[in-house]
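Engineer: The structure file run_30.txt (compact mmCIF, N, CA and C atoms) is provided below.
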```txt
# COMPACT_ATOMS: atom_id res chain seq x y z
N MET A 1 103.34 48.89 186.31
CA MET A 1 102.15 48.81 185.48
C MET A 1 101.30 47.59 185.82
N LYS A 2 101.97 46.51 186.19
CA LYS A 2 101.26 45.28 186.54
C LYS A 2 100.33 45.52 187.74
N GLU A 3 100.79 46.32 188.69
CA GLU A 3 99.98 46.60 189.87
C GLU A 3 98.73 47.39 189.50
N GLU A 4 98.88 48.36 188.62
CA GLU A 4 97.74 49.18 188.19
C GLU A 4 96.72 48.33 187.43
N PHE A 5 97.22 47.45 186.55
CA PHE A 5 96.31 46.59 185.81
C PHE A 5 95.57 45.65 186.77
N SER A 6 96.28 45.07 187.70
CA SER A 6 95.64 44.18 188.70
C SER A 6 94.58 44.93 189.50
N GLU A 7 94.89 46.16 189.86
CA GLU A 7 93.92 46.96 190.61
C GLU A 7 92.67 47.22 189.77
N LEU A 8 92.87 47.56 188.49
CA LEU A 8 91.74 47.82 187.59
C LEU A 8 90.84 46.59 187.49
N ILE A 9 91.45 45.43 187.31
CA ILE A 9 90.67 44.19 187.18
C ILE A 9 89.88 43.89 188.46
N LYS A 10 90.47 44.19 189.59
CA LYS A 10 89.79 43.93 190.87
C LYS A 10 88.64 44.90 191.12
N LEU A 11 88.63 46.03 190.42
CA LEU A 11 87.57 47.03 190.59
C LEU A 11 86.28 46.66 189.85
N ILE A 12 86.36 45.74 188.90
CA ILE A 12 85.20 45.48 188.04
C ILE A 12 84.76 44.01 188.11
N GLN A 13 83.46 43.81 187.89
CA GLN A 13 82.88 42.48 187.80
C GLN A 13 82.09 42.40 186.50
N LEU A 14 82.28 41.32 185.77
CA LEU A 14 81.57 41.12 184.51
C LEU A 14 80.07 41.01 184.78
N ARG A 15 79.26 41.75 184.03
CA ARG A 15 77.81 41.72 184.20
C ARG A 15 77.08 41.11 183.01
N GLU A 16 77.53 41.46 181.78
CA GLU A 16 76.83 40.89 180.62
C GLU A 16 77.69 40.96 179.38
N ILE A 17 77.40 40.04 178.47
CA ILE A 17 77.98 40.04 177.14
C ILE A 17 76.84 39.78 176.18
N LYS A 18 76.68 40.67 175.20
CA LYS A 18 75.61 40.54 174.21
C LYS A 18 76.17 40.85 172.83
N ILE A 19 75.56 40.27 171.83
CA ILE A 19 75.88 40.64 170.45
C ILE A 19 74.93 41.75 170.05
N MET A 20 75.48 42.91 169.71
CA MET A 20 74.66 44.06 169.32
C MET A 20 74.33 44.03 167.83
N ASP A 21 75.29 43.58 167.03
CA ASP A 21 75.12 43.58 165.58
C ASP A 21 75.89 42.41 165.01
N SER A 22 75.31 41.76 164.03
CA SER A 22 76.02 40.67 163.35
C SER A 22 75.69 40.72 161.88
N HIS A 23 76.69 40.41 161.09
CA HIS A 23 76.52 40.39 159.65
C HIS A 23 77.44 39.31 159.09
N GLU A 24 76.86 38.39 158.35
CA GLU A 24 77.62 37.31 157.76
C GLU A 24 77.34 37.27 156.26
N THR A 25 78.37 37.03 155.50
CA THR A 25 78.23 37.01 154.05
C THR A 25 78.98 35.82 153.46
N VAL A 26 78.28 35.04 152.66
CA VAL A 26 78.93 34.00 151.87
C VAL A 26 79.37 34.68 150.58
N LEU A 27 80.66 34.78 150.37
CA LEU A 27 81.21 35.45 149.19
C LEU A 27 81.26 34.50 148.00
N GLN A 28 81.44 33.23 148.28
CA GLN A 28 81.36 32.19 147.26
C GLN A 28 81.24 30.85 147.97
N TYR A 29 80.54 29.93 147.33
CA TYR A 29 80.41 28.60 147.91
C TYR A 29 81.57 27.74 147.44
N ILE A 30 82.20 27.08 148.38
CA ILE A 30 83.27 26.13 148.10
C ILE A 30 82.61 24.76 148.12
N ASN A 31 82.74 24.01 147.03
CA ASN A 31 82.06 22.71 146.95
C ASN A 31 82.40 21.80 148.13
N THR A 32 83.64 21.45 148.27
CA THR A 32 84.03 20.56 149.35
C THR A 32 85.39 20.97 149.87
N LEU A 33 85.45 21.15 151.16
CA LEU A 33 86.74 21.40 151.80
C LEU A 33 87.23 20.08 152.38
N LYS A 34 88.44 19.73 152.06
CA LYS A 34 89.03 18.53 152.64
C LYS A 34 89.72 18.93 153.94
N ASP A 35 89.93 17.95 154.80
CA ASP A 35 90.57 18.23 156.09
C ASP A 35 91.92 18.90 155.92
N GLU A 36 92.62 18.57 154.85
CA GLU A 36 93.95 19.14 154.65
C GLU A 36 93.94 20.46 153.86
N THR A 37 92.77 20.94 153.46
CA THR A 37 92.67 22.20 152.73
C THR A 37 93.11 23.34 153.64
N PRO A 38 94.17 24.08 153.26
CA PRO A 38 94.59 25.20 154.11
C PRO A 38 93.61 26.37 154.00
N ILE A 39 93.08 26.76 155.14
CA ILE A 39 92.14 27.87 155.19
C ILE A 39 92.81 29.03 155.92
N GLN A 40 92.82 30.18 155.29
CA GLN A 40 93.39 31.37 155.93
C GLN A 40 92.26 32.12 156.65
N ILE A 41 92.57 32.55 157.86
CA ILE A 41 91.60 33.32 158.64
C ILE A 41 92.23 34.66 158.96
N GLN A 42 91.61 35.71 158.45
CA GLN A 42 92.07 37.06 158.77
C GLN A 42 91.14 37.61 159.84
N THR A 43 91.72 38.10 160.92
CA THR A 43 90.94 38.65 162.03
C THR A 43 91.26 40.12 162.19
N GLU A 44 90.22 40.93 162.25
CA GLU A 44 90.37 42.36 162.54
C GLU A 44 89.58 42.65 163.80
N GLN A 45 90.16 43.48 164.64
CA GLN A 45 89.50 43.84 165.89
C GLN A 45 89.56 45.35 166.01
N GLY A 46 88.42 45.96 166.31
CA GLY A 46 88.37 47.40 166.47
C GLY A 46 87.62 47.78 167.72
N TYR A 47 87.86 48.99 168.16
CA TYR A 47 87.24 49.49 169.38
C TYR A 47 86.54 50.79 169.09
N ASN A 48 85.41 50.99 169.72
CA ASN A 48 84.66 52.23 169.57
C ASN A 48 85.44 53.35 170.26
N LYS A 49 85.68 54.44 169.55
CA LYS A 49 86.48 55.54 170.11
C LYS A 49 85.81 56.20 171.32
N ASP A 50 84.50 56.02 171.46
CA ASP A 50 83.79 56.61 172.59
C ASP A 50 83.74 55.69 173.82
N ASP A 51 84.33 54.52 173.73
CA ASP A 51 84.32 53.58 174.85
C ASP A 51 85.42 53.89 175.85
N PRO A 52 85.18 53.58 177.09
CA PRO A 52 84.00 52.94 177.61
C PRO A 52 82.86 53.93 177.84
N VAL A 53 81.66 53.41 177.74
CA VAL A 53 80.48 54.18 178.11
C VAL A 53 80.24 53.90 179.58
N ILE A 54 80.15 54.95 180.37
CA ILE A 54 79.96 54.78 181.81
C ILE A 54 78.62 55.37 182.21
N ASN A 55 77.80 54.53 182.84
CA ASN A 55 76.47 54.93 183.29
C ASN A 55 76.34 54.46 184.74
N ASN A 56 76.42 55.41 185.66
CA ASN A 56 76.47 55.09 187.10
C ASN A 56 77.66 54.18 187.35
N LYS A 57 77.41 52.95 187.76
CA LYS A 57 78.51 52.02 188.06
C LYS A 57 78.78 51.06 186.91
N LEU A 58 78.03 51.18 185.83
CA LEU A 58 78.17 50.26 184.70
C LEU A 58 79.16 50.82 183.68
N VAL A 59 80.15 50.02 183.34
CA VAL A 59 81.19 50.39 182.38
C VAL A 59 81.06 49.44 181.20
N SER A 60 80.80 49.98 180.00
CA SER A 60 80.51 49.14 178.83
C SER A 60 81.46 49.43 177.67
N PHE A 61 81.78 48.37 176.95
CA PHE A 61 82.64 48.44 175.77
C PHE A 61 81.90 47.79 174.60
N ARG A 62 82.19 48.27 173.38
CA ARG A 62 81.53 47.76 172.17
C ARG A 62 82.57 47.41 171.10
N PRO A 63 83.34 46.36 171.32
CA PRO A 63 84.35 46.00 170.33
C PRO A 63 83.73 45.38 169.07
N ARG A 64 84.44 45.53 167.96
CA ARG A 64 84.01 44.99 166.67
C ARG A 64 85.04 43.95 166.22
N TYR A 65 84.55 42.83 165.73
CA TYR A 65 85.41 41.77 165.21
C TYR A 65 84.97 41.45 163.78
N ILE A 66 85.95 41.30 162.90
CA ILE A 66 85.68 40.91 161.52
C ILE A 66 86.57 39.71 161.21
N PHE A 67 85.94 38.65 160.72
CA PHE A 67 86.66 37.44 160.33
C PHE A 67 86.44 37.19 158.85
N THR A 68 87.52 36.99 158.12
CA THR A 68 87.43 36.67 156.69
C THR A 68 88.14 35.33 156.48
N PHE A 69 87.42 34.38 155.92
CA PHE A 69 87.94 33.05 155.66
C PHE A 69 88.21 32.91 154.17
N SER A 70 89.42 32.42 153.83
CA SER A 70 89.84 32.33 152.44
C SER A 70 90.48 30.97 152.15
N VAL A 71 90.39 30.57 150.90
CA VAL A 71 91.11 29.41 150.40
C VAL A 71 91.89 29.87 149.18
N ASP A 72 93.17 29.55 149.15
CA ASP A 72 94.05 29.98 148.05
C ASP A 72 93.99 31.50 147.85
N GLY A 73 93.87 32.23 148.93
CA GLY A 73 93.86 33.69 148.85
C GLY A 73 92.54 34.28 148.40
N LYS A 74 91.53 33.45 148.17
CA LYS A 74 90.21 33.93 147.72
C LYS A 74 89.21 33.86 148.87
N PRO A 75 88.73 35.00 149.35
CA PRO A 75 87.76 35.00 150.45
C PRO A 75 86.46 34.30 150.04
N TYR A 76 85.94 33.47 150.95
CA TYR A 76 84.67 32.82 150.67
C TYR A 76 83.62 33.05 151.76
N PHE A 77 84.03 33.52 152.94
CA PHE A 77 83.06 33.77 154.01
C PHE A 77 83.58 34.90 154.88
N ARG A 78 82.68 35.80 155.25
CA ARG A 78 83.04 36.94 156.09
C ARG A 78 81.98 37.08 157.18
N ALA A 79 82.43 37.29 158.40
CA ALA A 79 81.52 37.48 159.53
C ALA A 79 81.98 38.69 160.32
N GLU A 80 81.02 39.54 160.67
CA GLU A 80 81.33 40.77 161.41
C GLU A 80 80.38 40.88 162.59
N TYR A 81 80.95 41.17 163.77
CA TYR A 81 80.15 41.24 164.98
C TYR A 81 80.56 42.46 165.81
N VAL A 82 79.55 43.10 166.39
CA VAL A 82 79.78 44.14 167.39
C VAL A 82 79.17 43.59 168.67
N LEU A 83 79.99 43.54 169.71
CA LEU A 83 79.53 43.00 170.98
C LEU A 83 79.40 44.11 172.02
N LEU A 84 78.61 43.84 173.02
CA LEU A 84 78.50 44.72 174.18
C LEU A 84 78.98 43.91 175.37
N ILE A 85 79.99 44.40 176.04
CA ILE A 85 80.46 43.74 177.25
C ILE A 85 80.45 44.79 178.36
N SER A 86 79.74 44.46 179.44
CA SER A 86 79.55 45.43 180.52
C SER A 86 80.06 44.88 181.84
N PHE A 87 80.61 45.80 182.62
CA PHE A 87 81.15 45.50 183.94
C PHE A 87 80.53 46.44 184.94
N GLU A 88 80.43 45.99 186.17
CA GLU A 88 80.06 46.88 187.26
C GLU A 88 81.34 47.27 187.98
N ALA A 89 81.53 48.57 188.18
CA ALA A 89 82.75 49.07 188.83
C ALA A 89 82.45 49.46 190.26
N ASP A 90 83.27 48.97 191.17
CA ASP A 90 83.12 49.33 192.59
C ASP A 90 83.44 50.81 192.82
N ASN A 91 84.43 51.31 192.08
CA ASN A 91 84.85 52.70 192.22
C ASN A 91 85.11 53.25 190.82
N VAL A 92 84.12 53.90 190.24
CA VAL A 92 84.19 54.38 188.86
C VAL A 92 85.31 55.40 188.68
N GLU A 93 85.49 56.28 189.63
CA GLU A 93 86.53 57.30 189.49
C GLU A 93 87.92 56.68 189.46
N ARG A 94 88.14 55.69 190.30
CA ARG A 94 89.45 55.02 190.30
C ARG A 94 89.62 54.23 188.99
N PHE A 95 88.54 53.61 188.51
CA PHE A 95 88.60 52.91 187.22
C PHE A 95 89.04 53.88 186.12
N LYS A 96 88.41 55.05 186.06
CA LYS A 96 88.75 56.05 185.04
C LYS A 96 90.22 56.44 185.12
N THR A 97 90.71 56.64 186.34
CA THR A 97 92.12 57.03 186.54
C THR A 97 93.06 55.95 186.02
N LEU A 98 92.79 54.70 186.39
CA LEU A 98 93.66 53.60 185.96
C LEU A 98 93.54 53.35 184.46
N TYR A 99 92.32 53.44 183.93
CA TYR A 99 92.09 53.20 182.50
C TYR A 99 92.72 54.30 181.64
N ALA A 100 92.95 55.45 182.20
CA ALA A 100 93.58 56.56 181.46
C ALA A 100 95.07 56.32 181.21
N ILE A 101 95.64 55.36 181.91
CA ILE A 101 97.06 55.01 181.69
C ILE A 101 97.12 54.18 180.41
N ASP A 102 97.82 54.68 179.40
CA ASP A 102 97.83 54.04 178.08
C ASP A 102 98.18 52.56 178.12
N GLU A 103 99.18 52.19 178.87
CA GLU A 103 99.60 50.78 178.91
C GLU A 103 98.52 49.89 179.54
N VAL A 104 97.88 50.38 180.59
CA VAL A 104 96.80 49.63 181.24
C VAL A 104 95.63 49.48 180.27
N LYS A 105 95.29 50.56 179.61
CA LYS A 105 94.19 50.53 178.63
C LYS A 105 94.50 49.52 177.53
N ASP A 106 95.72 49.54 177.02
CA ASP A 106 96.14 48.63 175.96
C ASP A 106 96.02 47.17 176.39
N ILE A 107 96.52 46.85 177.57
CA ILE A 107 96.46 45.48 178.06
C ILE A 107 95.01 45.06 178.27
N PHE A 108 94.19 45.95 178.82
CA PHE A 108 92.79 45.62 179.07
C PHE A 108 92.05 45.35 177.77
N LEU A 109 92.20 46.24 176.80
CA LEU A 109 91.48 46.07 175.53
C LEU A 109 92.00 44.90 174.70
N LYS A 110 93.29 44.87 174.49
CA LYS A 110 93.86 43.91 173.54
C LYS A 110 94.09 42.52 174.11
N LYS A 111 94.14 42.42 175.41
CA LYS A 111 94.35 41.10 176.00
C LYS A 111 93.13 40.63 176.80
N GLN A 112 92.73 41.40 177.81
CA GLN A 112 91.67 40.95 178.71
C GLN A 112 90.32 40.83 177.99
N LEU A 113 89.89 41.89 177.32
CA LEU A 113 88.61 41.82 176.61
C LEU A 113 88.66 40.77 175.51
N HIS A 114 89.75 40.77 174.77
CA HIS A 114 89.91 39.82 173.66
C HIS A 114 89.80 38.38 174.16
N ARG A 115 90.51 38.03 175.20
CA ARG A 115 90.47 36.67 175.75
C ARG A 115 89.09 36.34 176.33
N THR A 116 88.45 37.30 176.93
CA THR A 116 87.12 37.07 177.50
C THR A 116 86.10 36.78 176.41
N LEU A 117 86.19 37.49 175.29
CA LEU A 117 85.19 37.36 174.23
C LEU A 117 85.48 36.24 173.23
N TRP A 118 86.71 35.78 173.16
CA TRP A 118 87.12 34.86 172.10
C TRP A 118 86.31 33.56 172.08
N SER A 119 86.06 32.95 173.24
CA SER A 119 85.31 31.69 173.24
C SER A 119 83.86 31.91 172.77
N ILE A 120 83.30 33.05 173.10
CA ILE A 120 81.95 33.37 172.62
C ILE A 120 81.97 33.56 171.11
N LEU A 121 82.97 34.26 170.62
CA LEU A 121 83.11 34.46 169.18
C LEU A 121 83.34 33.14 168.45
N ARG A 122 84.12 32.26 169.05
CA ARG A 122 84.38 30.96 168.42
C ARG A 122 83.06 30.21 168.20
N GLY A 123 82.21 30.15 169.21
CA GLY A 123 80.92 29.49 169.07
C GLY A 123 80.01 30.19 168.08
N THR A 124 80.02 31.50 168.10
CA THR A 124 79.17 32.29 167.20
C THR A 124 79.57 32.06 165.75
N VAL A 125 80.87 32.04 165.48
CA VAL A 125 81.35 31.82 164.11
C VAL A 125 81.01 30.40 163.64
N LEU A 126 81.17 29.41 164.51
CA LEU A 126 80.80 28.04 164.12
C LEU A 126 79.32 27.95 163.81
N ASP A 127 78.48 28.60 164.61
CA ASP A 127 77.04 28.63 164.33
C ASP A 127 76.75 29.31 162.99
N ALA A 128 77.50 30.36 162.69
CA ALA A 128 77.30 31.09 161.42
C ALA A 128 77.61 30.18 160.23
N PHE A 129 78.67 29.41 160.33
CA PHE A 129 78.99 28.47 159.25
C PHE A 129 77.82 27.51 159.04
N ASN A 130 77.28 26.98 160.13
CA ASN A 130 76.16 26.05 160.02
C ASN A 130 74.92 26.71 159.43
N ARG A 131 74.62 27.94 159.84
CA ARG A 131 73.45 28.66 159.32
C ARG A 131 73.53 28.86 157.81
N HIS A 132 74.75 28.99 157.32
CA HIS A 132 74.94 29.25 155.89
C HIS A 132 75.32 27.99 155.11
N SER A 133 75.12 26.82 155.76
CA SER A 133 75.39 25.52 155.13
C SER A 133 76.82 25.40 154.62
N LEU A 134 77.74 25.90 155.42
CA LEU A 134 79.16 25.79 155.10
C LEU A 134 79.83 24.84 156.09
N GLN A 135 80.89 24.21 155.64
CA GLN A 135 81.67 23.36 156.53
C GLN A 135 82.31 24.25 157.60
N PRO A 136 82.04 23.95 158.89
CA PRO A 136 82.55 24.82 159.96
C PRO A 136 84.07 24.84 160.04
N VAL A 137 84.58 26.01 160.35
CA VAL A 137 86.01 26.21 160.55
C VAL A 137 86.17 26.89 161.91
N PRO A 138 86.81 26.20 162.87
CA PRO A 138 86.97 26.83 164.19
C PRO A 138 88.02 27.93 164.17
N LEU A 139 87.80 28.94 164.97
CA LEU A 139 88.80 29.99 165.14
C LEU A 139 90.00 29.39 165.88
N PRO A 140 91.18 29.89 165.60
CA PRO A 140 92.38 29.37 166.28
C PRO A 140 92.41 29.79 167.74
N TRP A 141 93.33 29.19 168.48
CA TRP A 141 93.54 29.58 169.87
C TRP A 141 93.99 31.04 169.94
N VAL A 142 93.70 31.69 171.03
CA VAL A 142 94.17 33.05 171.25
C VAL A 142 95.64 32.97 171.65
N VAL A 143 96.43 33.81 171.00
CA VAL A 143 97.87 33.83 171.30
C VAL A 143 98.17 34.95 172.25
```
Show me this structure written as structure tokens.

Structural biologist:
Amino acid sequence: MKEEFSELIKLIQLREIKIMDSHETVLQYINTLKDETPIQIQTEQGYNKDDPVINNKLVSFRPRYIFTFSVDGKPYFRAEYVLLISFEADNVERFKTLYAIDEVKDIFLKKQLHRTLWSILRGTVLDAFNRHSLQPVPLPWVV
């Protein structure tokens, strides 16, 4: 399986990453968060069932991320984003064949795309906190 995944990665080159949709909601204002205040971050990640969208040599995915920030189990901020990440494929037919292998698809979606997008999401979420006049909370490292 490792060989198939490596082959799939070598077939594609990253072309663009864009935010297609964003929605942020302040559920309640917290007066002051102290450095030691434990903040819970719930992360949900979803994939469009119609992905990837293939147009000529362009292969695109539209993952959705939802982050809910809570203190003492009470949510106070929620951010939801749909991103567009596109790759150019050297051989689209071979990409389709490799991507049809469930394990390869799983590794690509849950690890490769996730790791590629995480630093962009981290910056986007920090900006969202600032836009809403909230004390910023960085997303944790990707495990």

Engineer: Using all atoms listed in the file, which of the listed residues (A:Ala100, A:Ile41, A:Leu27, A:Ala79) sits closest to Ala128 (chain A)?

Structural biologist: A:Ala79

Engineer: May I have the protein, DNA and RNA residues with an atom at most 6.5 Å from (92.2, 49.5, 187.2), counting all atoms listed in the file in the file's coordinates, returned as number ranges by chain?

Structural biologist: A: 4-11, 94-95, 98-99

Engineer: Limited to N, CA and C atoms, could you put the picked residues into a file as a PDB file, in the coordinates of the input?

Structural biologist:
```pdb
ATOM      1  N   GLU A   4      98.880  48.360 188.620  1.00  0.00           N
ATOM      2  CA  GLU A   4      97.740  49.180 188.190  1.00  0.00           C
ATOM      3  C   GLU A   4      96.720  48.330 187.430  1.00  0.00           C
ATOM      4  N   PHE A   5      97.220  47.450 186.550  1.00  0.00           N
ATOM      5  CA  PHE A   5      96.310  46.590 185.810  1.00  0.00           C
ATOM      6  C   PHE A   5      95.570  45.650 186.770  1.00  0.00           C
ATOM      7  N   SER A   6      96.280  45.070 187.700  1.00  0.00           N
ATOM      8  CA  SER A   6      95.640  44.180 188.700  1.00  0.00           C
ATOM      9  C   SER A   6      94.580  44.930 189.500  1.00  0.00           C
ATOM     10  N   GLU A   7      94.890  46.160 189.860  1.00  0.00           N
ATOM     11  CA  GLU A   7      93.920  46.960 190.610  1.00  0.00           C
ATOM     12  C   GLU A   7      92.670  47.220 189.770  1.00  0.00           C
ATOM     13  N   LEU A   8      92.870  47.560 188.490  1.00  0.00           N
ATOM     14  CA  LEU A   8      91.740  47.820 187.590  1.00  0.00           C
ATOM     15  C   LEU A   8      90.840  46.590 187.490  1.00  0.00           C
ATOM     16  N   ILE A   9      91.450  45.430 187.310  1.00  0.00           N
ATOM     17  CA  ILE A   9      90.670  44.190 187.180  1.00  0.00           C
ATOM     18  C   ILE A   9      89.880  43.890 188.460  1.00  0.00           C
ATOM     19  N   LYS A  10      90.470  44.190 189.590  1.00  0.00           N
ATOM     20  CA  LYS A  10      89.790  43.930 190.870  1.00  0.00           C
ATOM     21  C   LYS A  10      88.640  44.900 191.120  1.00  0.00           C
ATOM     22  N   LEU A  11      88.630  46.030 190.420  1.00  0.00           N
ATOM     23  CA  LEU A  11      87.570  47.030 190.590  1.00  0.00           C
ATOM     24  C   LEU A  11      86.280  46.660 189.850  1.00  0.00           C
ATOM     25  N   ARG A  94      88.140  55.690 190.300  1.00  0.00           N
ATOM     26  CA  ARG A  94      89.450  55.020 190.300  1.00  0.00           C
ATOM     27  C   ARG A  94      89.620  54.230 188.990  1.00  0.00           C
ATOM     28  N   PHE A  95      88.540  53.610 188.510  1.00  0.00           N
ATOM     29  CA  PHE A  95      88.600  52.910 187.220  1.00  0.00           C
ATOM     30  C   PHE A  95      89.040  53.880 186.120  1.00  0.00           C
ATOM     31  N   LEU A  98      92.790  54.700 186.390  1.00  0.00           N
ATOM     32  CA  LEU A  98      93.660  53.600 185.960  1.00  0.00           C
ATOM     33  C   LEU A  98      93.540  53.350 184.460  1.00  0.00           C
ATOM     34  N   TYR A  99      92.320  53.440 183.930  1.00  0.00           N
ATOM     35  CA  TYR A  99      92.090  53.200 182.500  1.00  0.00           C
ATOM     36  C   TYR A  99      92.720  54.300 181.640  1.00  0.00           C
TER      37      TYR A  99
END
```

Engineer: Could you please write out, as a PyMOL selection string, every residue of region 27-143 of chain A that DSSP assigns to strand (DSSP E)?

Structural biologist: chain A and resi 39-46+53-55+58-61+64-71+74-89

Engineer: Go through A:Leu84, A:Leu126, A:Ala89, A:Ile120 one by one, measure the shortest atom-to-atom distance of each to Ile19 (chain A) using only C-alpha atoms, and give the residue with the smallest value.

Structural biologist: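 Looking only at the distances to Ile19 (chain A), the closest residue turns out to be A:Leu84.
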
Engineer: Which value, in Å to one decimal, gives the distance between atom C of Leu139 (chain A) and atom C of Asp50 (chain A)?

Structural biologist: 28.2 Å

Engineer: Between CA of Gln45 (chain A) and atom N of Lys57 (chain A), what distance in Å does the model show, to one decimal?

Structural biologist: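 We find that CA of Gln45 (chain A) and atom N of Lys57 (chain A) lie 26.6 Å from each other.
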
Engineer: Go through A:Met1, A:Glu24, A:Ile85, A:Asp51 and flag the residue nearest Asp127 (chain A), using only C-alpha atoms for the distances.

Structural biologist: A:Glu24

Engineer: When distances are computed from only N, CA and C atoms, which of A:Arg62, A:Ser86, A:Lys34, A:Thr68 shows the smallest separation from Leu14 (chain A)?

Structural biologist: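 When distances to Leu14 (chain A) are compared using only N, CA and C atoms, the smallest one comes from A:Ser86.
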
Engineer: In terms of the shortest atom-to-atom distance over only C-alpha atoms, which of A:Lys105, A:Phe129, A:Leu117, A:Pro140 is closest to Tyr29 (chain A)?

Structural biologist: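 The closest residue to Tyr29 (chain A) is A:Phe129.
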
Engineer: Counting only C-alpha atoms, what is within 9 Å of region 141-143 of chain A, bar same-chain residues fewer than 4 positions away, as a PyMOL selection string?

Structural biologist: chain A and resi 114-115+118

Engineer: For CA of Lys110 (chain A) and CA of Tyr65 (chain A), quote the distance in Å rounded to one decimal.

Structural biologist: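 Here the two named atoms are 12.1 Å from each other.
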
Engineer: Which residue out of A:Lys74, A:Gln13, A:Ile30, A:Leu83 has the minimum interatomic distance to Gln135 (chain A) when all atoms listed in the file are used?

Structural biologist: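 Among A:Lys74, A:Gln13, A:Ile30, A:Leu83, it is A:Ile30 that comes nearest to Gln135 (chain A).
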
Engineer: Can you pull out the residues contacting Pro52 (chain A)? Cut-off 6 Å, using only N, CA and C atoms, and skip same-chain residues under 4 positions away; I want them as a list in words.

Structural biologist: Val59, Ser60 and Phe61 of chain A

Engineer: Write the selection just made, keeping N, CA and C atoms, as a PDB file, keeping the file's coordinate frame?

Structural biologist:
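New file selection.pdb:
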```pdb
ATOM      1  N   VAL A  59      80.150  50.020 183.340  1.00  0.00           N
ATOM      2  CA  VAL A  59      81.190  50.390 182.380  1.00  0.00           C
ATOM      3  C   VAL A  59      81.060  49.440 181.200  1.00  0.00           C
ATOM      4  N   SER A  60      80.800  49.980 180.000  1.00  0.00           N
ATOM      5  CA  SER A  60      80.510  49.140 178.830  1.00  0.00           C
ATOM      6  C   SER A  60      81.460  49.430 177.670  1.00  0.00           C
ATOM      7  N   PHE A  61      81.780  48.370 176.950  1.00  0.00           N
ATOM      8  CA  PHE A  61      82.640  48.440 175.770  1.00  0.00           C
ATOM      9  C   PHE A  61      81.900  47.790 174.600  1.00  0.00           C
TER      10      PHE A  61
END
```

Engineer: Starting from 3 Å padding per side, set up an axis-aligned box that covers all listed atoms of region 64-74 of chain A and hand over centre and edge lengths in Å, one decimal, as AutoDock Vina command-line options.

Structural biologist:
```
--center_x 89.0 --center_y 37.5 --center_z 157.8 --size_x 16.0 --size_y 22.1 --size_z 26.2
```
